[in-house]
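Report on the structure given below.
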Amino acid sequence: EVVRADAIHDMLKFVDAGITTFDCADIYTGVELMIGEFVEDVRQKRGESALDQIRVHTKFVPDYEKLANINRAYVESIIDRSLKRLRLPKLHLVQFHWWDYAILGYLDALHVLKELQQEGKIEHIGVTNFDGAHVREICESGIDLVSAQVQYSVLDQRPAKAFTQICQSNEV
C-alpha cells in the first residue's frame, strides 16, 4: 500500500538526487492526482521556479468504447483533466495510445492534440505502443512526435529493426 505523504516526500528526494522526470497516465488510478500533490508541495516549499527542473510525462488513453466517436471536446476534456490533476499550466509530454488500428480516428485525435499544443496546453506529443508503420503515417500527417514508447527487452527486440530506422528518419 502506498502512503501518499511518504511517496510525495520521496519524490522530492528523487528530484534532489537528480531524478526529475516522472511518468504517469490518465488511466493509472490516482497517480496524476498524487503527482499533482507533489507539484503543489514543491511549489509551496520551494517556489514556482523550482518546478522548472521537473518534467511530468503523462499518457492520453481514450476509453476503448469511445474510439469510434472521438472528437475535440472529448480529447480536450481529458487533457484539461490531466492539467487539473497534475496542477500544471502545460503538460510537458502527452504520450498517446490507441487500442485498435481497425477503428479509425487516431489521426484525428492526434491532430486535436497538435491543436492543443499550439494553444499552449501541451509542450510535446509522443505515442505509446504504436508500430513503425503507424509512426511513419503519423509523422507524414504533420504531427511532430518527440518520442515513441514501445516494449523492448532482451526477449522482445522488434523495435531494434525497422522501427528504429523509421523513428530516426522522422527525428522521433
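Residue numbering restarts at 1 in every chain; chains get A, B, ... in the order shown in the C-alpha cells, and ligands count up from 1 in that same order.
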
Residues at most 10 Å from Glu37 of chain A, counting only C-alpha atoms, excluding those fewer than 3 positions away in the same chain, as a tab-separated table (two decimals) with N, CA, C and O atoms, in the first residue's frame?
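File produced: result17.tsv:
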chain	number	residue	atom	x	y	z
A	4	ARG	N	0.64	8.10	0.70
A	4	ARG	CA	0.78	9.27	-0.17
A	4	ARG	C	1.82	10.25	0.34
A	4	ARG	O	2.67	10.73	-0.42
A	5	ALA	N	1.75	10.58	1.60
A	5	ALA	CA	2.70	11.57	2.16
A	5	ALA	C	4.13	11.09	2.02
A	5	ALA	O	5.03	11.87	1.68
A	8	ILE	N	5.16	11.30	-1.74
A	8	ILE	CA	5.42	12.69	-2.15
A	8	ILE	C	6.76	13.16	-1.58
A	8	ILE	O	7.55	13.79	-2.28
A	31	VAL	N	-2.63	8.29	-9.83
A	31	VAL	CA	-1.23	8.69	-9.99
A	31	VAL	C	-1.10	10.15	-10.38
A	31	VAL	O	-0.29	10.89	-9.81
A	32	GLU	N	-1.90	10.61	-11.35
A	32	GLU	CA	-1.83	12.03	-11.71
A	32	GLU	C	-2.16	12.91	-10.51
A	32	GLU	O	-1.51	13.93	-10.28
A	33	LEU	N	-3.15	12.51	-9.73
A	33	LEU	CA	-3.51	13.30	-8.54
A	33	LEU	C	-2.35	13.35	-7.54
A	33	LEU	O	-2.06	14.41	-6.98
A	34	MET	N	-1.69	12.22	-7.33
A	34	MET	CA	-0.58	12.19	-6.39
A	34	MET	C	0.59	13.04	-6.89
A	34	MET	O	1.19	13.80	-6.12
A	40	GLU	N	2.38	20.59	-6.18
A	40	GLU	CA	1.95	21.67	-5.28
A	40	GLU	C	2.86	21.77	-4.06
A	40	GLU	O	3.16	22.87	-3.58
A	41	ASP	N	3.34	20.62	-3.58
A	41	ASP	CA	4.27	20.61	-2.44
A	41	ASP	C	5.57	21.34	-2.81
A	41	ASP	O	6.07	22.16	-2.03
A	42	VAL	N	6.10	21.06	-3.99
A	42	VAL	CA	7.30	21.75	-4.47
A	42	VAL	C	7.03	23.24	-4.60
A	42	VAL	O	7.83	24.07	-4.17
A	43	ARG	N	5.90	23.58	-5.18
A	43	ARG	CA	5.52	24.98	-5.38
A	43	ARG	C	5.48	25.71	-4.02
A	43	ARG	O	5.99	26.82	-3.90
A	85	ARG	N	-5.44	17.72	-12.58
A	85	ARG	CA	-4.92	16.74	-11.63
A	85	ARG	C	-3.44	17.00	-11.32
A	85	ARG	O	-3.02	16.89	-10.17
A	86	LEU	N	-2.67	17.30	-12.35
A	86	LEU	CA	-1.22	17.49	-12.19
A	86	LEU	C	-0.85	18.88	-11.68
A	86	LEU	O	0.31	19.11	-11.33
A	87	ARG	N	-1.82	19.79	-11.70
A	87	ARG	CA	-1.60	21.16	-11.22
A	87	ARG	C	-0.49	21.87	-11.99
A	87	ARG	O	0.35	22.58	-11.43

Identify, with DSSP run on backbone atoms, the residues in chain A assigned to strand (DSSP E), and express the list as a ChimeraX atom specification.
/A:21-23,55-60,91-96,122-128,145-149

Restricting to only C-alpha atoms, whichever of A:His57, A:His124, A:His134, A:His111 is closest to Ile35 of chain A is A:His57

Those of chain A in DSSP alpha helix (DSSP H), formatted as a PyMOL selection string
chain A and resi 4-16+31-46+72-86+106-118+132-140+162-169

Would you compute the distance between atom CA of Glu65 of chain A and atom CA of Trp98 of chain A? Give it in Å to one decimal.
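Atom-to-atom, atom CA of Glu65 of chain A to atom CA of Trp98 of chain A, that is 11.5 Å.
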
Report, in Å with one decimal, the straight-line distance from atom CA of Ala73 of chain A to atom CA of Val112 of chain A.
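These two atoms are separated by 9.3 Å.
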
Find the residues near Ile166 of chain A: any atom within 12 Å, counting only C-alpha atoms, skip ones fewer than 5 places away on the same chain, and give them as a VMD selection string.
chain A and resid 130 to 140 145 147 to 148 159 to 161 171 to 172

Among the residues A:Val127, A:Ile54, A:Met11, A:Ile19, the one that comes closest to Leu107 of chain A [using only C-alpha atoms]
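Closest to Leu107 of chain A of all the choices is A:Val127.
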
Residues within 7 Å of Leu93 of chain A, please, as a JSON list (two decimals) with N, CA, C and O atoms, in the first residue's frame. Count only C-alpha atoms; anything in the same chain fewer than 6 positions from it doesn't count.
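Generated file (around-v6.json):
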[["chain", "number", "residue", "atom", "x", "y", "z"],
["A", 56, "VAL", "N", 6.90, 16.13, -16.14],
["A", 56, "VAL", "CA", 5.91, 15.09, -15.95],
["A", 56, "VAL", "C", 5.44, 14.62, -17.32],
["A", 56, "VAL", "O", 4.99, 15.42, -18.13],
["A", 57, "HIS", "N", 5.59, 13.33, -17.57],
["A", 57, "HIS", "CA", 5.13, 12.72, -18.81],
["A", 57, "HIS", "C", 3.86, 11.95, -18.48],
["A", 57, "HIS", "O", 3.87, 11.11, -17.59],
["A", 58, "THR", "N", 2.78, 12.26, -19.16],
["A", 58, "THR", "CA", 1.55, 11.52, -18.94],
["A", 58, "THR", "C", 1.09, 10.90, -20.25],
["A", 58, "THR", "O", 1.70, 11.14, -21.29],
["A", 122, "ILE", "N", -0.02, 21.75, -24.21],
["A", 122, "ILE", "CA", 0.88, 20.61, -24.33],
["A", 122, "ILE", "C", 2.21, 21.10, -24.90],
["A", 122, "ILE", "O", 2.22, 21.86, -25.87],
["A", 123, "GLU", "N", 3.31, 20.65, -24.29],
["A", 123, "GLU", "CA", 4.62, 21.02, -24.82],
["A", 123, "GLU", "C", 5.05, 20.07, -25.94],
["A", 123, "GLU", "O", 5.43, 20.49, -27.02],
["A", 124, "HIS", "N", 4.99, 18.76, -25.68],
["A", 124, "HIS", "CA", 5.44, 17.75, -26.65],
["A", 124, "HIS", "C", 4.40, 16.64, -26.77],
["A", 124, "HIS", "O", 3.71, 16.32, -25.80],
["A", 125, "ILE", "N", 4.38, 16.01, -27.95],
["A", 125, "ILE", "CA", 3.50, 14.88, -28.21],
["A", 125, "ILE", "C", 4.34, 13.66, -28.54],
["A", 125, "ILE", "O", 5.31, 13.74, -29.31],
["A", 126, "GLY", "N", 3.96, 12.54, -27.96],
["A", 126, "GLY", "CA", 4.58, 11.26, -28.26],
["A", 126, "GLY", "C", 3.49, 10.22, -28.42],
["A", 126, "GLY", "O", 2.30, 10.52, -28.28]]

As a ChimeraX atom specification, please: the residues near Arg72 of chain A (cut-off 9 Å, only C-alpha atoms, same-chain neighbours under 3 positions excluded).
/A:75-77,108-109,112-113
